[in-house]
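J.: There's a structure below that I have some questions on.
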Amino acid sequence: MRETEPLYITRSKQICREMGMDPNELARPKRFLTEEKIEMKRKEYSEILSVVSYFSNKLASSLEAPILITISDAEGYLLEITGNELIKSTVEELGIKIGGLFATEDTGTNVISLALEQGHPVSVIGEEHYHKYLFEIACYGAPFFYKDESSLLGSVCIMTPIMFRNPLMLNMLSQTVETIERELLLRKQNRQLNILNQILINRTRNGIMITNEKGIITEFNEFAEELSNHSRSSVLGKCIYDLMLTGSYFKRVLEGEEKFENEELKFTADDGSQIVCLFDIQPIYENNKLIGAFGQYRDITDRYAMEEKIKEAEKDALAGRIAAGIAHEIRNPLTTVRGYLQFLQKETDDSISELFSGLLIPEIDRANKIISDFLRISKPSRTKFESIPVNQLVTDYIYKFLKSESFLYNVDVDIEIEPSAQNLEILCSREELLQVFINLFQNSLHAKRDVPLKINIQAIRVDSSVQFIFSDNGKGISSAALTHIFEPFYSTKDEGTGLGLAVSRKIIESHGGSMHASSDGSGTKFMIEIPYAQQ
């Protein structure tokens, strides 16, 4: 129990007393929606309920305590109830069921109405309830909104026996609600974008195709023409099943009402170059009736080419390491032989000495030169650097690339650039620095926990350098592994090459900078410092 009772709980109890409620009696909900209204309300909230239920169930699975989770609308009517079987009987005794209204005047001090009234996460623990039969229960609740318009949508609340109370439950619930709000906002924005796409369909840089329910093409924009090598006039009114690479996808969507996202497709352009796209397709409904399908291409050719360059760079690094190892093993005995020849040259007659100095030692030197030349060839060529403002590098290049990746893997990527660092310029290779951040992003994906992955990139001014801080909320790296992560071929992943971080540090060092890491149970942080150009 808290030492000081929150004012909103004190006021709620005062209302209960003024209304003449008996704290010894059971106060159940008195107002309920009809079955018809429940169905209408759940239909209205269908998308919201699917999102909230998904994340609430993930929260429930992460907690070991027996809990009940309720989802209400903005008025306090219960729309969804999930819970551990151990407390189902308690739920029935309290009269908690779908369609019931939780209001202070009916049920006394309760976490649902308080969360909705206060507009922020609240908890009501044990004797903080007005009615004594709730003294053995701990409740936590949080409202959720459409963030863009501060529109209250409802509440998510947790009930558990008081022996399982834990202040962290409110924190976990708050974090879950933040995730719910971001997902709801994203879905809302996606709906708005779909409407906007219908208006600006021929101005978008996505290739868009629309068919009716029979697969007949009804819309085909200019970018789709560029990507597919089919003109709009040649495909309109034709069945898409027989015309294009995407025909099989449209058939499965229209006949089986399936949905596809991020399918990788490759086209050959008129000039023979390869175009790589991600393809999304979904059915179109009107009044729950399938009326067609909507498909769109997103050109990722540049990103695909960059990934291939990164793979090649890692192969080059591996080849260089192998070459260096082989050279080391060959050079050692050659050096030994050369040393003995020089020693023996003094102990032999002139004819043998001339053989040593005129033939054997020069041949050994020639072998050493061949090895040196081989090493020089195996090393990557020096990249041309350019002067780039920090803000442009992070916002227009690194963040833009990682943001597209984050949608594919449901990752929350955020950037923070200190005002004093925004206009500083660093002499660098954009492609090489992007490779560093891609390597770090991929490491974060492998370290993802059950909670949504969050990545933060900061840029701050530190003395005569710009420090980039890449942090995540993943599993972290053990202290034993942390001392080895920059070593070539060291990896904690079964499929890892152990080159990513070694190559990343080498790139940073080639920029005159340094790279370090720290980690704990809450995630991992990489600190990269690169000198900025003096004005």
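Identifiers for the structure tokens are assigned positionally: chains receive A, B, ... in sequence, residues are indexed from 1 per chain, and ligands are indexed from 1 in the order shown.
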List the spatial neighbours of Arg449 (chain A) as a list in words - criterion: any atom at most 9 Å away, only C-alpha atoms, same-chain residues fewer than 6 positions off excluded.
T.: Asn473, Gly474 and Lys475 of chain A
J.: What would the file look like if the residues just selected were written as a PDB file, in the first residue's frame with C-alpha atoms?
T.:
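Just written: part-v9.pdb:
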ATOM      1  CA  ASN A 473      16.275  -2.581 -25.848  1.00  0.00           C
ATOM      2  CA  GLY A 474      17.304  -6.098 -26.858  1.00  0.00           C
ATOM      3  CA  LYS A 475      18.702  -8.994 -24.842  1.00  0.00           C
TER       4      LYS A 475
END
J.: Show me, as a PDB file with N, CA, C and O atoms, in the first residue's frame, the residues that have an atom within 6 Å of region 64-72 of chain A when counting only C-alpha atoms, minus same-chain residues fewer than 4 positions from it.
T.:
ATOM      1  N   GLY A  76     -16.827   3.267 -20.610  1.00  0.00           N
ATOM      2  CA  GLY A  76     -16.645   2.337 -19.506  1.00  0.00           C
ATOM      3  C   GLY A  76     -17.373   1.019 -19.686  1.00  0.00           C
ATOM      4  O   GLY A  76     -17.386   0.184 -18.766  1.00  0.00           O
ATOM      5  N   TYR A  77     -17.983   0.793 -20.860  1.00  0.00           N
ATOM      6  CA  TYR A  77     -18.639  -0.494 -21.142  1.00  0.00           C
ATOM      7  C   TYR A  77     -17.580  -1.531 -21.531  1.00  0.00           C
ATOM      8  O   TYR A  77     -16.736  -1.265 -22.388  1.00  0.00           O
ATOM      9  N   LEU A  78     -17.636  -2.690 -20.901  1.00  0.00           N
ATOM     10  CA  LEU A  78     -16.668  -3.739 -21.183  1.00  0.00           C
ATOM     11  C   LEU A  78     -16.957  -4.377 -22.540  1.00  0.00           C
ATOM     12  O   LEU A  78     -18.080  -4.787 -22.819  1.00  0.00           O
ATOM     13  N   LEU A  79     -15.895  -4.478 -23.360  1.00  0.00           N
ATOM     14  CA  LEU A  79     -16.029  -5.072 -24.686  1.00  0.00           C
ATOM     15  C   LEU A  79     -15.242  -6.367 -24.822  1.00  0.00           C
ATOM     16  O   LEU A  79     -15.513  -7.158 -25.732  1.00  0.00           O
ATOM     17  N   GLU A  80     -14.269  -6.584 -23.956  1.00  0.00           N
ATOM     18  CA  GLU A  80     -13.436  -7.789 -24.043  1.00  0.00           C
ATOM     19  C   GLU A  80     -12.946  -8.145 -22.647  1.00  0.00           C
ATOM     20  O   GLU A  80     -12.562  -7.264 -21.866  1.00  0.00           O
ATOM     21  N   ILE A  81     -12.961  -9.444 -22.322  1.00  0.00           N
ATOM     22  CA  ILE A  81     -12.464  -9.928 -21.038  1.00  0.00           C
ATOM     23  C   ILE A  81     -11.634 -11.180 -21.291  1.00  0.00           C
ATOM     24  O   ILE A  81     -12.105 -12.131 -21.909  1.00  0.00           O
ATOM     25  N   THR A  82     -10.397 -11.163 -20.844  1.00  0.00           N
ATOM     26  CA  THR A  82      -9.568 -12.369 -20.898  1.00  0.00           C
ATOM     27  C   THR A  82      -8.929 -12.536 -19.535  1.00  0.00           C
ATOM     28  O   THR A  82      -8.643 -11.549 -18.848  1.00  0.00           O
ATOM     29  N   GLY A  83      -8.715 -13.777 -19.139  1.00  0.00           N
ATOM     30  CA  GLY A  83      -8.146 -13.967 -17.811  1.00  0.00           C
ATOM     31  C   GLY A  83      -7.717 -15.379 -17.522  1.00  0.00           C
ATOM     32  O   GLY A  83      -8.088 -16.327 -18.217  1.00  0.00           O
ATOM     33  N   ASN A  84      -6.905 -15.490 -16.500  1.00  0.00           N
ATOM     34  CA  ASN A  84      -6.456 -16.765 -15.991  1.00  0.00           C
ATOM     35  C   ASN A  84      -7.641 -17.509 -15.377  1.00  0.00           C
ATOM     36  O   ASN A  84      -8.498 -16.918 -14.723  1.00  0.00           O
ATOM     37  N   GLY A 154     -10.767   4.206 -25.035  1.00  0.00           N
ATOM     38  CA  GLY A 154     -11.181   3.229 -24.036  1.00  0.00           C
ATOM     39  C   GLY A 154     -10.094   3.004 -23.013  1.00  0.00           C
ATOM     40  O   GLY A 154      -9.214   3.847 -22.812  1.00  0.00           O
ATOM     41  N   SER A 155     -10.134   1.851 -22.351  1.00  0.00           N
ATOM     42  CA  SER A 155      -9.157   1.538 -21.311  1.00  0.00           C
ATOM     43  C   SER A 155      -8.767   0.072 -21.365  1.00  0.00           C
ATOM     44  O   SER A 155      -9.523  -0.776 -21.859  1.00  0.00           O
ATOM     45  N   VAL A 156      -7.564  -0.206 -20.879  1.00  0.00           N
ATOM     46  CA  VAL A 156      -7.091  -1.573 -20.657  1.00  0.00           C
ATOM     47  C   VAL A 156      -6.756  -1.686 -19.175  1.00  0.00           C
ATOM     48  O   VAL A 156      -6.004  -0.862 -18.652  1.00  0.00           O
ATOM     49  N   CYS A 157      -7.331  -2.681 -18.509  1.00  0.00           N
ATOM     50  CA  CYS A 157      -7.138  -2.802 -17.067  1.00  0.00           C
ATOM     51  C   CYS A 157      -6.748  -4.225 -16.680  1.00  0.00           C
ATOM     52  O   CYS A 157      -7.121  -5.192 -17.351  1.00  0.00           O
ATOM     53  N   ILE A 158      -5.998  -4.314 -15.581  1.00  0.00           N
ATOM     54  CA  ILE A 158      -5.537  -5.598 -15.059  1.00  0.00           C
ATOM     55  C   ILE A 158      -6.044  -5.766 -13.632  1.00  0.00           C
ATOM     56  O   ILE A 158      -5.983  -4.829 -12.828  1.00  0.00           O
ATOM     57  N   MET A 159      -6.533  -6.959 -13.314  1.00  0.00           N
ATOM     58  CA  MET A 159      -6.938  -7.309 -11.948  1.00  0.00           C
ATOM     59  C   MET A 159      -6.160  -8.551 -11.541  1.00  0.00           C
ATOM     60  O   MET A 159      -6.034  -9.499 -12.317  1.00  0.00           O
ATOM     61  N   THR A 160      -5.622  -8.558 -10.321  1.00  0.00           N
ATOM     62  CA  THR A 160      -4.882  -9.712  -9.824  1.00  0.00           C
ATOM     63  C   THR A 160      -5.029  -9.792  -8.312  1.00  0.00           C
ATOM     64  O   THR A 160      -5.251  -8.762  -7.656  1.00  0.00           O
TER      65      THR A 160
END
J.: Skipping near chain neighbours, those fewer than 2 positions away, what residues fall within 8 Å of region 237-254 of chain A using only C-alpha atoms, listed as a list in words?
T.: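 Surrounding residues, per the criterion: Thr211, Glu213, Lys214, Gly215, Ile216, Ile217, Thr218, Ser228, Ser234, Val235, Gly256, Glu257, Glu258, Lys259, Phe260, Ile281, Gln282, Pro283, Leu290, Gly292 and Ala293 of chain A.
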J.: Selected residues, N, CA, C and O atoms, written as a short mmCIF file (atom, residue, chain, number, x, y, z; two decimals), in the first residue's frame, please.
T.:
data_model
loop_
_atom_site.label_atom_id
_atom_site.label_comp_id
_atom_site.auth_asym_id
_atom_site.auth_seq_id
_atom_site.Cartn_x
_atom_site.Cartn_y
_atom_site.Cartn_z
N THR A 211 -7.69 -4.59 -59.47
CA THR A 211 -8.55 -5.44 -60.29
C THR A 211 -9.94 -5.53 -59.67
O THR A 211 -10.12 -5.21 -58.49
N GLU A 213 -13.38 -8.15 -58.92
CA GLU A 213 -13.44 -9.45 -58.26
C GLU A 213 -13.13 -10.62 -59.19
O GLU A 213 -12.82 -11.73 -58.74
N LYS A 214 -13.15 -10.39 -60.50
CA LYS A 214 -12.85 -11.46 -61.47
C LYS A 214 -11.40 -11.41 -61.97
O LYS A 214 -11.01 -12.21 -62.82
N GLY A 215 -10.61 -10.48 -61.44
CA GLY A 215 -9.22 -10.38 -61.85
C GLY A 215 -9.00 -9.49 -63.04
O GLY A 215 -7.88 -9.45 -63.59
N ILE A 216 -10.03 -8.78 -63.49
CA ILE A 216 -9.88 -7.87 -64.63
C ILE A 216 -9.23 -6.58 -64.14
O ILE A 216 -9.70 -5.96 -63.19
N ILE A 217 -8.16 -6.17 -64.81
CA ILE A 217 -7.40 -4.98 -64.39
C ILE A 217 -8.22 -3.72 -64.65
O ILE A 217 -8.64 -3.46 -65.78
N THR A 218 -8.41 -2.93 -63.60
CA THR A 218 -9.18 -1.68 -63.73
C THR A 218 -8.31 -0.44 -63.52
O THR A 218 -8.71 0.65 -63.90
N SER A 228 6.97 -3.07 -64.80
CA SER A 228 6.54 -4.34 -65.38
C SER A 228 6.80 -4.46 -66.88
O SER A 228 6.64 -5.53 -67.46
N SER A 234 -2.34 -1.67 -72.75
CA SER A 234 -2.29 -3.08 -73.14
C SER A 234 -2.84 -4.02 -72.07
O SER A 234 -3.12 -5.18 -72.36
N VAL A 235 -2.97 -3.51 -70.85
CA VAL A 235 -3.41 -4.42 -69.76
C VAL A 235 -4.81 -4.10 -69.25
O VAL A 235 -5.47 -4.98 -68.68
N GLY A 256 -9.02 -16.94 -52.60
CA GLY A 256 -8.89 -17.41 -51.22
C GLY A 256 -8.88 -16.30 -50.19
O GLY A 256 -8.72 -16.56 -48.99
N GLU A 257 -9.04 -15.05 -50.65
CA GLU A 257 -9.04 -13.88 -49.77
C GLU A 257 -7.80 -13.84 -48.88
O GLU A 257 -7.84 -13.48 -47.71
N GLU A 258 -6.66 -14.24 -49.47
CA GLU A 258 -5.39 -14.16 -48.75
C GLU A 258 -4.83 -12.74 -48.84
O GLU A 258 -5.33 -11.90 -49.59
N LYS A 259 -3.77 -12.51 -48.09
CA LYS A 259 -3.11 -11.21 -48.07
C LYS A 259 -1.61 -11.43 -48.05
O LYS A 259 -1.12 -12.31 -47.34
N PHE A 260 -0.87 -10.65 -48.85
CA PHE A 260 0.58 -10.81 -48.91
C PHE A 260 1.26 -9.47 -48.67
O PHE A 260 0.77 -8.43 -49.11
N ILE A 281 -0.18 -7.02 -51.51
CA ILE A 281 -1.49 -7.18 -52.15
C ILE A 281 -2.52 -7.57 -51.11
O ILE A 281 -2.24 -8.36 -50.20
N GLN A 282 -3.71 -7.00 -51.24
CA GLN A 282 -4.78 -7.31 -50.29
C GLN A 282 -6.13 -7.20 -51.00
O GLN A 282 -6.26 -6.52 -52.01
N PRO A 283 -7.14 -7.91 -50.48
CA PRO A 283 -8.47 -7.82 -51.07
C PRO A 283 -9.12 -6.47 -50.76
O PRO A 283 -8.79 -5.82 -49.77
N LEU A 290 -16.35 -8.92 -51.18
CA LEU A 290 -15.12 -8.79 -51.96
C LEU A 290 -15.44 -8.19 -53.33
O LEU A 290 -16.25 -8.73 -54.08
N GLY A 292 -12.66 -6.75 -55.29
CA GLY A 292 -11.45 -6.64 -56.09
C GLY A 292 -10.21 -6.85 -55.25
O GLY A 292 -10.26 -7.34 -54.12
N ALA A 293 -9.08 -6.47 -55.82
CA ALA A 293 -7.79 -6.60 -55.12
C ALA A 293 -6.92 -5.40 -55.45
O ALA A 293 -6.98 -4.84 -56.54
#
J.: By how many Å are CA of Asn206 (chain A) and CA of Leu265 (chain A) apart?
T.: 13.8 Å
J.: In region 78-240 of chain A, what's strand (DSSP E or B) per DSSP? Answer as an MDAnalysis selection string?
T.: chainID A and resid 78:83 100:101 122:125 137:146 151:161 207:212 216:220 239
J.: Would you export the selected residues with C-alpha atoms as a compact mmCIF listing (two decimals), in the first residue's frame, please?
T.:
# COMPACT_ATOMS: atom_id res chain seq x y z
CA LEU A 78 -16.67 -3.74 -21.18
CA LEU A 79 -16.03 -5.07 -24.69
CA GLU A 80 -13.44 -7.79 -24.04
CA ILE A 81 -12.46 -9.93 -21.04
CA THR A 82 -9.57 -12.37 -20.90
CA GLY A 83 -8.15 -13.97 -17.81
CA GLY A 100 -21.44 -4.07 -18.29
CA LEU A 101 -20.87 -0.40 -17.47
CA VAL A 122 -3.80 4.56 -12.37
CA SER A 123 -3.75 1.80 -9.77
CA VAL A 124 -6.17 0.90 -7.00
CA ILE A 125 -4.59 -1.51 -4.52
CA ILE A 137 -7.49 -7.37 -5.17
CA ALA A 138 -4.94 -5.15 -6.90
CA CYS A 139 -6.08 -3.30 -10.02
CA TYR A 140 -4.10 -1.40 -12.67
CA GLY A 141 -5.62 0.57 -15.52
CA ALA A 142 -4.59 2.82 -18.40
CA PRO A 143 -6.64 4.73 -21.00
CA PHE A 144 -5.68 4.64 -24.67
CA PHE A 145 -6.15 7.35 -27.28
CA TYR A 146 -5.77 8.24 -30.92
CA SER A 151 -9.43 11.21 -28.78
CA LEU A 152 -10.19 8.84 -25.89
CA LEU A 153 -10.93 5.34 -27.18
CA GLY A 154 -11.18 3.23 -24.04
CA SER A 155 -9.16 1.54 -21.31
CA VAL A 156 -7.09 -1.57 -20.66
CA CYS A 157 -7.14 -2.80 -17.07
CA ILE A 158 -5.54 -5.60 -15.06
CA MET A 159 -6.94 -7.31 -11.95
CA THR A 160 -4.88 -9.71 -9.82
CA PRO A 161 -4.96 -11.07 -6.24
CA GLY A 207 3.54 0.79 -58.82
CA ILE A 208 -0.19 0.32 -58.27
CA MET A 209 -2.57 -2.23 -59.79
CA ILE A 210 -6.26 -2.70 -59.02
CA THR A 211 -8.55 -5.44 -60.29
CA ASN A 212 -12.22 -6.27 -59.91
CA ILE A 216 -9.88 -7.87 -64.63
CA ILE A 217 -7.40 -4.98 -64.39
CA THR A 218 -9.18 -1.68 -63.73
CA GLU A 219 -6.22 0.52 -62.73
CA PHE A 220 -2.54 0.45 -63.63
CA CYS A 239 -7.29 -10.71 -66.80
J.: For a quick check of understanding, using only C-alpha atoms, which of A:Glu487, A:Glu261, A:Glu47, A:Glu105 has the smallest distance to Arg191 (chain A)?
T.: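 For Arg191 (chain A), the nearest of the given residues is A:Glu47.
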J.: Using DSSP on the backbone coordinates, identify the residues of region 418-472 of chain A assigned to alpha helix (DSSP H); present them as a ChimeraX atom specification.
T.: /A:430-446
J.: Of the candidates A:Asp520, A:Gln14, A:Ala447, A:Leu427, which one gets nearest to Tyr532 (chain A) if we count only C-alpha atoms?
T.: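 Ranking A:Asp520, A:Gln14, A:Ala447, A:Leu427 by distance to Tyr532 (chain A), first place goes to A:Leu427.
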J.: Give the answer as one residue: which of A:Tyr130, A:Tyr397, A:Phe135, A:Phe55 has the shortest atom-to-atom distance to Thr176 (chain A), using only C-alpha atoms?
T.: A:Phe55
J.: Have a look at A:Leu433, A:Leu170, A:Ile9, A:Ala115 and name the one nearest to Glu127 (chain A); count only C-alpha atoms.
T.: A:Ile9
J.: Quote the spacing between CA of Ser113 (chain A) and CA of Tyr8 (chain A) in Å to one decimal place.
T.: 11.0 Å
J.: Tell me which of A:Ser518, A:Gln274, A:Ser420, A:Asn287 sits closest to Asp302 (chain A), counting only C-alpha atoms.
T.: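 Comparing A:Ser518, A:Gln274, A:Ser420, A:Asn287 against Asp302 (chain A), the winner is A:Gln274.
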J.: Work out how far CA of Ile98 (chain A) is from CA of Lys43 (chain A), in Å to one decimal.
T.: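 Going from CA of Lys43 (chain A) over to CA of Ile98 (chain A), I get 13.9 Å.
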J.: Nearest residue to Thr10 (chain A) out of A:Ser465, A:Thr109, A:Ser479, A:Ser404, using only C-alpha atoms?
T.: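 Counting only C-alpha atoms, the residue closest to Thr10 (chain A) is A:Thr109.
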J.: Which residues come within 9 Å of Val466 (chain A), counting only C-alpha atoms, excluding same-chain residues fewer than 5 positions away, as a list in words?
T.: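 That gives Val390, Ala421, Leu424, Ile426, Ala459, Ile460, Arg461, Ile528, Glu529, Ile530, Pro531 and Tyr532 of chain A.
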